[in-house]
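See below for protein.txt, which holds compact mmCIF, C-alpha atoms.
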```txt
# COMPACT_ATOMS: atom_id res chain seq x y z
CA MET X 960 -10.85 -3.65 5.97
CA LEU X 961 -10.36 -7.00 4.30
CA ILE X 962 -13.90 -6.92 2.92
CA PHE X 963 -13.26 -3.60 1.24
CA GLY X 964 -9.85 -4.81 0.10
CA ALA X 965 -11.59 -7.72 -1.61
CA ALA X 966 -14.17 -5.33 -3.02
CA VAL X 967 -11.35 -3.47 -4.75
CA ILE X 968 -10.62 -6.42 -7.00
CA ILE X 969 -14.17 -7.79 -7.27
CA ASN X 970 -15.91 -4.62 -8.42
CA ARG X 971 -16.28 -4.27 -12.17
CA ASN X 972 -16.62 -0.50 -11.97
CA PRO X 973 -13.24 1.25 -11.45
CA VAL X 974 -14.81 4.10 -9.47
CA ALA X 975 -16.34 1.67 -6.99
CA SER X 976 -12.96 -0.07 -6.73
CA ALA X 977 -11.21 3.19 -5.96
CA LEU X 978 -13.75 4.13 -3.28
CA SER X 979 -13.42 0.69 -1.67
CA LEU X 980 -9.67 1.24 -1.67
CA VAL X 981 -10.18 4.51 0.26
CA VAL X 982 -12.22 2.73 2.94
CA SER X 983 -9.65 -0.05 3.12
CA PHE X 984 -6.82 2.46 3.59
CA LEU X 985 -8.73 4.34 6.30
CA ALA X 986 -9.28 1.07 8.18
CA LEU X 987 -5.59 0.29 7.78
CA ALA X 988 -4.75 3.69 9.28
CA ALA X 989 -6.95 2.77 12.25
CA LEU X 990 -4.95 -0.45 12.64
CA PHE X 991 -1.69 1.55 12.60
CA ILE X 992 -3.02 3.82 15.33
CA SER X 993 -4.10 0.78 17.35
CA LEU X 994 -0.43 -0.28 17.17
CA ASP X 995 0.60 3.08 18.73
CA ALA X 996 2.12 4.26 15.44
CA TYR X 997 0.31 7.59 15.34
CA PHE X 998 2.63 9.24 12.84
CA ILE X 999 2.34 6.42 10.34
CA GLY X 1000 -1.45 6.38 10.74
CA ILE X 1001 -1.73 10.08 10.02
CA ILE X 1002 0.65 9.82 7.06
CA GLN X 1003 -1.42 6.93 5.74
CA VAL X 1004 -4.60 9.01 5.80
CA LEU X 1005 -2.91 12.08 4.29
CA VAL X 1006 -0.86 10.43 1.57
CA TYR X 1007 -2.98 7.43 0.57
CA ALA X 1008 -6.55 8.39 1.34
CA GLY X 1009 -5.83 11.98 0.35
CA ALA X 1010 -3.29 12.29 -2.42
CA ILE X 1011 -3.07 8.90 -4.11
CA MET X 1012 -6.82 8.27 -4.18
CA VAL X 1013 -7.51 11.69 -5.65
CA LEU X 1014 -4.96 10.85 -8.32
CA PHE X 1015 -6.64 7.50 -9.06
CA LEU X 1016 -10.13 8.98 -9.19
CA PHE X 1017 -8.93 11.85 -11.36
CA ILE X 1018 -7.34 9.46 -13.86
CA ILE X 1019 -10.43 7.23 -13.91
CA MET X 1020 -12.66 10.22 -14.59
CA LEU X 1021 -10.21 11.61 -17.14
CA LEU X 1022 -10.03 8.39 -19.13
CA ASP X 1023 -13.78 7.77 -18.82
CA LEU X 1024 -13.47 4.02 -18.31
CA ARG X 1025 -16.83 2.55 -19.13
CA ALA X 1026 -15.99 -0.18 -21.61
CA GLU X 1027 -14.86 -2.49 -18.82
CA LYS X 1028 -18.31 -3.93 -18.20
CA LEU X 1029 -18.72 -5.18 -21.76
CA ARG X 1030 -15.77 -7.54 -21.64
CA LYS X 1031 -16.26 -11.11 -20.70
CA ILE X 1032 -13.99 -12.64 -18.12
CA ASN X 1033 -11.22 -14.96 -19.18
CA TRP X 1034 -12.12 -17.79 -16.79
CA ILE X 1035 -9.00 -19.91 -17.29
CA ALA X 1036 -6.62 -17.05 -16.50
CA SER X 1037 -8.74 -15.99 -13.52
CA ALA X 1038 -8.81 -19.52 -12.14
CA GLY X 1039 -5.04 -19.80 -12.56
CA GLY X 1040 -4.50 -16.52 -10.71
CA LEU X 1041 -6.82 -17.57 -7.89
CA VAL X 1042 -5.05 -20.93 -7.52
CA VAL X 1043 -1.66 -19.20 -7.21
CA ALA X 1044 -3.10 -16.74 -4.67
CA LEU X 1045 -4.64 -19.62 -2.70
CA ALA X 1046 -1.28 -21.40 -2.60
CA LEU X 1047 0.32 -18.17 -1.35
CA ILE X 1048 -2.22 -17.72 1.46
CA ILE X 1049 -1.82 -21.34 2.56
CA GLN X 1050 1.94 -20.86 2.74
CA ILE X 1051 1.55 -17.62 4.71
CA PHE X 1052 -0.79 -19.32 7.20
CA ALA X 1053 1.62 -22.25 7.58
CA VAL X 1054 4.59 -19.95 8.22
CA ILE X 1055 2.71 -17.85 10.78
CA GLY X 1056 1.42 -21.02 12.44
CA ARG X 1057 4.97 -22.23 13.01
CA PHE X 1058 6.27 -18.81 14.04
CA GLY X 1059 6.76 -19.01 17.82
CA ALA X 1060 6.38 -15.33 18.65
CA ALA X 1061 3.09 -15.10 16.76
CA ASN X 1062 0.82 -15.93 19.70
CA LYS X 1063 2.46 -13.65 22.25
CA PRO X 1064 0.65 -10.43 23.14
CA PHE X 1065 2.37 -7.11 22.54
CA PRO X 1066 4.66 -5.99 25.38
CA PRO X 1067 3.49 -2.78 27.09
CA LEU X 1068 5.13 0.52 26.20
CA ALA X 1069 6.71 2.75 28.83
CA ARG X 1070 4.48 5.61 29.94
CA HIS X 1071 6.85 8.34 28.80
CA VAL X 1072 6.68 7.03 25.23
CA LEU X 1073 2.92 7.25 24.75
CA SER X 1074 1.88 10.48 23.10
CA GLY X 1075 -0.27 12.68 25.28
CA ALA X 1076 0.07 10.45 28.35
CA GLU X 1077 0.95 11.74 31.81
CA GLY X 1078 4.69 12.53 32.01
CA SER X 1079 5.26 12.08 28.28
CA THR X 1080 8.59 13.64 27.31
CA SER X 1081 8.23 13.55 23.53
CA ASP X 1082 5.85 12.17 20.94
CA ASP X 1083 6.55 9.64 18.25
CA VAL X 1084 6.68 12.25 15.49
CA HIS X 1085 9.61 13.79 17.35
CA ARG X 1086 11.43 10.49 17.68
CA ILE X 1087 10.79 9.37 14.11
CA GLY X 1088 12.02 12.74 12.89
CA LEU X 1089 15.13 12.45 15.01
CA SER X 1090 15.84 9.00 13.60
CA LEU X 1091 15.09 10.20 10.06
CA PHE X 1092 17.52 13.11 10.19
CA THR X 1093 20.36 11.37 12.04
CA ASN X 1094 20.60 7.65 11.27
CA TYR X 1095 18.69 7.80 8.00
CA ASN X 1096 19.91 11.10 6.64
CA LEU X 1097 21.40 9.72 3.41
CA PRO X 1098 18.34 7.55 2.52
CA PHE X 1099 16.18 10.58 3.23
CA GLN X 1100 18.10 12.66 0.71
CA ILE X 1101 17.98 9.82 -1.82
CA ILE X 1102 14.19 9.71 -1.37
CA GLY X 1103 14.14 13.43 -2.15
CA ILE X 1104 16.01 12.77 -5.40
CA VAL X 1105 13.60 9.92 -6.23
CA ILE X 1106 10.61 12.22 -5.83
CA LEU X 1107 12.28 14.89 -7.96
CA VAL X 1108 13.01 12.36 -10.72
CA ALA X 1109 9.45 11.02 -10.50
CA THR X 1110 8.04 14.53 -10.81
CA ILE X 1111 10.16 15.31 -13.87
CA GLY X 1112 9.30 11.92 -15.36
CA VAL X 1113 5.58 12.45 -14.89
CA VAL X 1114 5.73 15.85 -16.53
CA MET X 1115 7.71 14.47 -19.46
CA LEU X 1116 5.38 11.47 -19.87
CA SER X 1117 2.15 13.40 -19.81
CA ARG X 1118 3.35 16.21 -22.04
CA ARG X 1119 1.73 16.37 -25.45
CA GLU X 1120 4.09 15.87 -28.35
CA THR X 1121 4.74 19.20 -30.06
CA ARG X 1122 6.65 18.71 -33.22
CA MET I 606 -5.95 -10.25 23.68
CA VAL I 607 -4.70 -9.26 20.25
CA THR I 608 -1.46 -10.96 19.38
CA LEU I 609 1.28 -10.34 16.83
CA GLY I 610 0.00 -13.28 14.81
CA ASP I 611 -3.39 -11.64 14.27
CA TYR I 612 -1.82 -8.61 12.65
CA LEU I 613 0.45 -10.83 10.57
CA LEU I 614 -2.53 -12.86 9.37
CA VAL I 615 -4.43 -9.72 8.36
CA SER I 616 -1.32 -8.51 6.59
CA GLY I 617 -0.93 -11.83 4.78
CA VAL I 618 -4.57 -11.91 3.70
CA LEU I 619 -4.34 -8.33 2.45
CA PHE I 620 -1.19 -9.14 0.50
CA THR I 621 -2.92 -12.15 -1.05
CA ILE I 622 -5.91 -10.03 -2.05
CA GLY I 623 -3.54 -7.64 -3.78
CA PHE I 624 -1.68 -10.50 -5.44
CA ALA I 625 -4.91 -12.08 -6.68
CA GLY I 626 -5.92 -8.67 -8.01
CA VAL I 627 -2.70 -8.37 -10.00
CA MET I 628 -3.11 -11.89 -11.37
CA VAL I 629 -6.82 -11.84 -12.17
CA ARG I 630 -7.76 -8.30 -13.19
CA ARG I 631 -6.93 -7.07 -16.67
CA ASN I 632 -7.38 -3.34 -16.18
CA ILE I 633 -4.09 -1.49 -15.60
CA ILE I 634 -5.61 0.96 -13.12
CA ILE I 635 -7.05 -1.87 -11.00
CA ILE I 636 -3.66 -3.61 -11.17
CA LEU I 637 -2.01 -0.44 -9.80
CA MET I 638 -4.57 -0.35 -6.98
CA ALA I 639 -3.83 -3.98 -6.13
CA LEU I 640 -0.11 -3.11 -6.05
CA GLU I 641 -0.93 -0.41 -3.49
CA LEU I 642 -2.75 -3.03 -1.40
CA MET I 643 0.34 -5.25 -1.41
CA LEU I 644 2.62 -2.37 -0.36
CA ASN I 645 0.23 -1.55 2.47
CA ALA I 646 0.19 -5.16 3.63
CA ALA I 647 3.98 -5.01 3.94
CA ASN I 648 3.64 -1.73 5.88
CA LEU I 649 1.18 -3.33 8.29
CA SER I 650 3.48 -6.20 9.15
CA LEU I 651 6.44 -3.80 9.54
CA VAL I 652 4.48 -1.64 11.99
CA ALA I 653 3.28 -4.73 13.89
CA PHE I 654 6.87 -5.94 14.31
CA SER I 655 7.94 -2.42 15.30
CA ARG I 656 5.35 -2.44 18.09
CA PHE I 657 6.31 -5.99 19.10
CA HIS I 658 10.02 -5.22 19.44
CA VAL I 659 10.03 -2.91 22.46
CA ASP I 660 13.54 -1.85 23.51
CA PRO I 661 14.66 -1.56 27.16
CA THR I 662 13.63 2.10 27.41
CA GLY I 663 10.06 1.07 26.62
CA ALA I 664 9.88 2.62 23.16
CA PRO I 665 8.85 0.71 20.01
CA ASN I 666 11.46 0.16 17.33
CA TYR I 667 11.34 3.33 15.27
CA ASN I 668 13.62 2.00 12.52
CA ALA I 669 10.67 0.06 11.10
CA GLN I 670 8.47 3.14 11.16
CA VAL I 671 11.10 5.15 9.31
CA PHE I 672 11.19 2.34 6.76
CA VAL I 673 7.40 2.48 6.41
CA PHE I 674 7.74 6.23 5.80
CA PHE I 675 10.17 5.51 2.97
CA ILE I 676 7.87 2.86 1.50
CA ILE I 677 4.92 5.26 1.50
CA THR I 678 7.03 7.90 -0.24
CA VAL I 679 8.27 5.53 -2.92
CA ALA I 680 4.73 4.18 -3.41
CA ALA I 681 3.44 7.70 -3.99
CA ALA I 682 6.15 8.34 -6.59
CA GLU I 683 5.47 4.97 -8.21
CA VAL I 684 1.73 5.60 -8.50
CA ALA I 685 2.34 9.03 -10.03
CA VAL I 686 4.69 7.59 -12.67
CA GLY I 687 2.42 4.58 -13.29
CA LEU I 688 -0.65 6.71 -13.84
CA ALA I 689 1.29 9.05 -16.14
CA ILE I 690 2.29 6.02 -18.21
CA VAL I 691 -1.35 4.89 -18.27
CA VAL I 692 -2.45 8.31 -19.51
CA ALA I 693 0.24 8.32 -22.23
CA LEU I 694 -0.78 4.80 -23.25
CA PHE I 695 -4.45 5.70 -23.31
CA ARG I 696 -3.71 8.62 -25.60
CA LEU I 697 -1.89 6.28 -27.96
CA ARG I 698 -4.24 3.28 -27.89
CA GLN I 699 -7.57 4.33 -26.33
CA THR I 700 -7.49 1.37 -23.94
CA THR I 701 -6.35 0.44 -20.44
CA HIS I 702 -6.84 -3.26 -20.96
CA VAL I 703 -3.62 -5.28 -20.75
CA GLU I 704 -4.64 -7.77 -23.43
CA ASP I 705 -4.98 -4.98 -25.99
CA ILE I 706 -1.39 -3.89 -25.37
CA SER I 707 0.72 -6.76 -26.59
CA SER I 708 3.25 -5.19 -28.94
CA LEU I 709 6.12 -6.50 -26.83
CA LYS I 710 4.66 -10.00 -26.61
CA PHE I 711 6.75 -12.70 -28.20
```
Representation of the structure as C-alpha cells:
Amino acid sequence: MLIFGAAVIINRNPVASALSLVVSFLALAALFISLDAYFIGIIQVLVYAGAIMVLFLFIIMLLDLRAEKLRKINWIASAGGLVVALALIIQIFAVIGRFGAANKPFPPLARHVLSGAEGSTSDDVHRIGLSLFTNYNLPFQIIGIVILVATIGVVMLSRRETR
Amino acid sequence: MVTLGDYLLVSGVLFTIGFAGVMVRRNIIIILMALELMLNAANLSLVAFSRFHVDPTGAPNYNAQVFVFFIITVAAAEVAVGLAIVVALFRLRQTTHVEDISSLKF
C-alpha cells in the first residue's frame, strides 16, 4: 500500500498516479477490514476506488494532460518539500515511540459483535447506523446540506458562461 | 502479533507521503490526490484507535467509525468541488500547473 502511495507522487504521468492511488485505496480497505471495520472497508472501496477515482480519471482524460513530462523539476523547491516531510516523519516516529499503548496488541472482540460469527446478534452496519441516526443525527443532516451545497457549487462552477 | 503502533506507523508514513506530494508536486490534480492520501491516513488511525478501544460489552468504539464516515463524505464533496474548480481554471488558462497560476501572488 505504501509503495503504491509513493508511486502516486513519483509518477510523472497523471493516469499512472491515479491508478496507483486506486491500488493504494484498495489495500487501505483491506487494512480496515483487518481491523474488523467491515462497513468502513466497503465504503472505502465504493466511494474512493469507485466514485472518486472515476472522477479523477475522467478529469485527467478530459483535460488531456500531456504537457507535464516536458517540464523540468524545480530541484530547490522539491528538496525543501522533502526536508519538511522528513522532519514530519521523524516527529511522528518519535511520538509513536514514546506512546505507551503503541506496543500492546488489540484486545479481542466479543463473539456477538463479529459479523457472521456464531451467535452474532447484529452486524456493524446495524450498529453504525444506529449511532448515526441517534447520537449523530444533527451532524448527519449537516453532512446532507454540505453535499447539497457541493453539488450546486459544482454545477455552477462547471457551467459555461452564457451571456 | 500486530500492534496498535504498527497501524499508527503505516498511517504516519502514508500521511507523510501525502504531505510530500502536496509540497513537491506542481500539478493541481496530483496535489488533490495527495490530499486524499492524507485524509485516508487520518481515517486509518481513527479506525485503528476504534478497534483498540473495546468497551465492556466487547464492541469496538463506533463513534470513531461514524467520524470516518463523515470524513469520507466530506472528502468526496471536496474532491468534486476541487475538480470542478480545476476544470473551470483549465478552461480559462489551459494549464493545471500551479506556477502558471500566480495572479494572486504578491
Taking (-4.5, -12.0, -3.1) in the file's coordinates, which residues come within 9 Å, counting all atoms listed in the file, written as a PDB file with C-alpha atoms, keeping the file's coordinate frame?
```pdb
ATOM      1  CA  ALA X 965     -11.590  -7.720  -1.610  1.00  0.00           C
ATOM      2  CA  GLY X1040      -4.500 -16.520 -10.710  1.00  0.00           C
ATOM      3  CA  LEU X1041      -6.820 -17.570  -7.890  1.00  0.00           C
ATOM      4  CA  VAL X1043      -1.660 -19.200  -7.210  1.00  0.00           C
ATOM      5  CA  ALA X1044      -3.100 -16.740  -4.670  1.00  0.00           C
ATOM      6  CA  LEU X1045      -4.640 -19.620  -2.700  1.00  0.00           C
ATOM      7  CA  LEU X1047       0.320 -18.170  -1.350  1.00  0.00           C
ATOM      8  CA  ILE X1048      -2.220 -17.720   1.460  1.00  0.00           C
TER       9      ILE X1048
ATOM     10  CA  GLY I 617      -0.930 -11.830   4.780  1.00  0.00           C
ATOM     11  CA  VAL I 618      -4.570 -11.910   3.700  1.00  0.00           C
ATOM     12  CA  LEU I 619      -4.340  -8.330   2.450  1.00  0.00           C
ATOM     13  CA  PHE I 620      -1.190  -9.140   0.500  1.00  0.00           C
ATOM     14  CA  THR I 621      -2.920 -12.150  -1.050  1.00  0.00           C
ATOM     15  CA  ILE I 622      -5.910 -10.030  -2.050  1.00  0.00           C
ATOM     16  CA  GLY I 623      -3.540  -7.640  -3.780  1.00  0.00           C
ATOM     17  CA  PHE I 624      -1.680 -10.500  -5.440  1.00  0.00           C
ATOM     18  CA  ALA I 625      -4.910 -12.080  -6.680  1.00  0.00           C
ATOM     19  CA  GLY I 626      -5.920  -8.670  -8.010  1.00  0.00           C
ATOM     20  CA  VAL I 627      -2.700  -8.370 -10.000  1.00  0.00           C
ATOM     21  CA  MET I 628      -3.110 -11.890 -11.370  1.00  0.00           C
ATOM     22  CA  ALA I 639      -3.830  -3.980  -6.130  1.00  0.00           C
ATOM     23  CA  MET I 643       0.340  -5.250  -1.410  1.00  0.00           C
TER      24      MET I 643
END
```
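When CA of Val1054 in chain X is paired with CA of Leu990 in chain X, their separation reads 22.2 Å.
CA of Phe984 in chain X is found 13.6 Å from CA of Phe1015 in chain X.
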Padded axis-aligned box of range 983-1002 of chain X (3 Å per side), centre and edge lengths, Å, one decimal, as AutoDock Vina command-line options:
```
--center_x -3.5 --center_y 4.8 --center_z 10.9 --size_x 18.3 --size_y 16.5 --size_z 21.6
```
CA of Leu985 in chain X to CA of Val615 in chain I, straight-line distance in Å: 14.8 Å
For Ser1090 in chain X: contacts at 12 Å, only C-alpha atoms, fewer than 4 positions along chain excluded, given as a PyMOL selection string: (chain X and resi 1083-1086+1094-1099) or (chain I and resi 666-672+674)
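Within the 10 Å cut-off around Glu641 in chain I, using all atoms listed in the file and omitting residues fewer than 4 positions from it on the same chain, the listed residues are Leu980, Phe984, Tyr1007 and Ile1011 of chain X; Phe620, Gly623, Ile635, Ile636, Leu637, Asn645, Ala646, Ile677, Ala680, Ala681, Glu683 and Val684 of chain I.
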Residues of chain I within 6 Å of chain X, counting only C-alpha atoms, as a PyMOL selection string: chain I and resi 608-610+621+625-626+628-629+657+663-664+682+686+689+693
Selected residue, from X:Gly1000, X:Val982, X:Phe1092, X:Ala975, that lies nearest to Asn648 in chain I when counting all atoms listed in the file: X:Gly1000
Nearest to Thr700 in chain I, chosen from X:Asp1023, X:Val1013, X:Thr1093, X:Ile1104, with only C-alpha atoms counted in the distances: X:Asp1023
Since the input has fewer atoms than a full residue there, write range 665-690 of chain I out with N, CA and C atoms, as a PDB file, in the frame of the given file.
```
ATOM      1  N   PRO I 665       8.843   1.632  21.146  1.00  0.00           N
ATOM      2  CA  PRO I 665       8.850   0.710  20.010  1.00  0.00           C
ATOM      3  C   PRO I 665      10.042   0.970  19.107  1.00  0.00           C
ATOM      4  N   ASN I 666      10.298   0.039  18.206  1.00  0.00           N
ATOM      5  CA  ASN I 666      11.460   0.160  17.330  1.00  0.00           C
ATOM      6  C   ASN I 666      11.136   1.129  16.200  1.00  0.00           C
ATOM      7  N   TYR I 667      11.726   2.312  16.247  1.00  0.00           N
ATOM      8  CA  TYR I 667      11.340   3.330  15.270  1.00  0.00           C
ATOM      9  C   TYR I 667      11.980   3.121  13.909  1.00  0.00           C
ATOM     10  N   ASN I 668      13.001   2.238  13.827  1.00  0.00           N
ATOM     11  CA  ASN I 668      13.620   2.000  12.520  1.00  0.00           C
ATOM     12  C   ASN I 668      12.578   1.505  11.519  1.00  0.00           C
ATOM     13  N   ALA I 669      11.687   0.602  11.995  1.00  0.00           N
ATOM     14  CA  ALA I 669      10.670   0.060  11.100  1.00  0.00           C
ATOM     15  C   ALA I 669       9.725   1.147  10.648  1.00  0.00           C
ATOM     16  N   GLN I 670       9.420   2.103  11.549  1.00  0.00           N
ATOM     17  CA  GLN I 670       8.470   3.140  11.160  1.00  0.00           C
ATOM     18  C   GLN I 670       9.094   4.104  10.164  1.00  0.00           C
ATOM     19  N   VAL I 671      10.415   4.341  10.314  1.00  0.00           N
ATOM     20  CA  VAL I 671      11.100   5.150   9.310  1.00  0.00           C
ATOM     21  C   VAL I 671      11.063   4.446   7.952  1.00  0.00           C
ATOM     22  N   PHE I 672      11.217   3.129   7.996  1.00  0.00           N
ATOM     23  CA  PHE I 672      11.190   2.340   6.760  1.00  0.00           C
ATOM     24  C   PHE I 672       9.812   2.419   6.113  1.00  0.00           C
ATOM     25  N   VAL I 673       8.758   2.350   6.943  1.00  0.00           N
ATOM     26  CA  VAL I 673       7.400   2.480   6.410  1.00  0.00           C
ATOM     27  C   VAL I 673       7.213   3.847   5.755  1.00  0.00           C
ATOM     28  N   PHE I 674       7.795   4.878   6.388  1.00  0.00           N
ATOM     29  CA  PHE I 674       7.740   6.230   5.800  1.00  0.00           C
ATOM     30  C   PHE I 674       8.357   6.232   4.412  1.00  0.00           C
ATOM     31  N   PHE I 675       9.523   5.573   4.279  1.00  0.00           N
ATOM     32  CA  PHE I 675      10.170   5.510   2.970  1.00  0.00           C
ATOM     33  C   PHE I 675       9.296   4.765   1.970  1.00  0.00           C
ATOM     34  N   ILE I 676       8.699   3.653   2.423  1.00  0.00           N
ATOM     35  CA  ILE I 676       7.870   2.860   1.500  1.00  0.00           C
ATOM     36  C   ILE I 676       6.701   3.683   1.008  1.00  0.00           C
ATOM     37  N   ILE I 677       6.066   4.440   1.916  1.00  0.00           N
ATOM     38  CA  ILE I 677       4.920   5.260   1.500  1.00  0.00           C
ATOM     39  C   ILE I 677       5.362   6.302   0.477  1.00  0.00           C
ATOM     40  N   THR I 678       6.544   6.895   0.702  1.00  0.00           N
ATOM     41  CA  THR I 678       7.030   7.900  -0.240  1.00  0.00           C
ATOM     42  C   THR I 678       7.275   7.300  -1.614  1.00  0.00           C
ATOM     43  N   VAL I 679       7.959   6.157  -1.629  1.00  0.00           N
ATOM     44  CA  VAL I 679       8.270   5.530  -2.920  1.00  0.00           C
ATOM     45  C   VAL I 679       6.978   5.087  -3.601  1.00  0.00           C
ATOM     46  N   ALA I 680       6.000   4.611  -2.810  1.00  0.00           N
ATOM     47  CA  ALA I 680       4.730   4.180  -3.410  1.00  0.00           C
ATOM     48  C   ALA I 680       4.025   5.354  -4.060  1.00  0.00           C
ATOM     49  N   ALA I 681       4.085   6.522  -3.403  1.00  0.00           N
ATOM     50  CA  ALA I 681       3.440   7.700  -3.990  1.00  0.00           C
ATOM     51  C   ALA I 681       4.099   8.047  -5.317  1.00  0.00           C
ATOM     52  N   ALA I 682       5.443   8.037  -5.349  1.00  0.00           N
ATOM     53  CA  ALA I 682       6.150   8.340  -6.590  1.00  0.00           C
ATOM     54  C   ALA I 682       5.808   7.325  -7.669  1.00  0.00           C
ATOM     55  N   GLU I 683       5.724   6.042  -7.254  1.00  0.00           N
ATOM     56  CA  GLU I 683       5.470   4.970  -8.210  1.00  0.00           C
ATOM     57  C   GLU I 683       4.086   5.107  -8.829  1.00  0.00           C
ATOM     58  N   VAL I 684       3.091   5.441  -7.980  1.00  0.00           N
ATOM     59  CA  VAL I 684       1.730   5.600  -8.500  1.00  0.00           C
ATOM     60  C   VAL I 684       1.670   6.772  -9.473  1.00  0.00           C
ATOM     61  N   ALA I 685       2.372   7.869  -9.137  1.00  0.00           N
ATOM     62  CA  ALA I 685       2.340   9.030 -10.030  1.00  0.00           C
ATOM     63  C   ALA I 685       2.913   8.656 -11.387  1.00  0.00           C
ATOM     64  N   VAL I 686       4.085   7.970 -11.392  1.00  0.00           N
ATOM     65  CA  VAL I 686       4.690   7.590 -12.670  1.00  0.00           C
ATOM     66  C   VAL I 686       3.806   6.592 -13.402  1.00  0.00           C
ATOM     67  N   GLY I 687       3.262   5.596 -12.656  1.00  0.00           N
ATOM     68  CA  GLY I 687       2.420   4.580 -13.290  1.00  0.00           C
ATOM     69  C   GLY I 687       1.214   5.198 -13.952  1.00  0.00           C
ATOM     70  N   LEU I 688       0.544   6.118 -13.264  1.00  0.00           N
ATOM     71  CA  LEU I 688      -0.650   6.710 -13.840  1.00  0.00           C
ATOM     72  C   LEU I 688      -0.304   7.608 -15.029  1.00  0.00           C
ATOM     73  N   ALA I 689       0.880   8.255 -14.978  1.00  0.00           N
ATOM     74  CA  ALA I 689       1.290   9.050 -16.140  1.00  0.00           C
ATOM     75  C   ALA I 689       1.507   8.145 -17.339  1.00  0.00           C
ATOM     76  N   ILE I 690       2.100   6.957 -17.103  1.00  0.00           N
ATOM     77  CA  ILE I 690       2.290   6.020 -18.210  1.00  0.00           C
ATOM     78  C   ILE I 690       0.940   5.561 -18.751  1.00  0.00           C
TER      79      ILE I 690
END
```
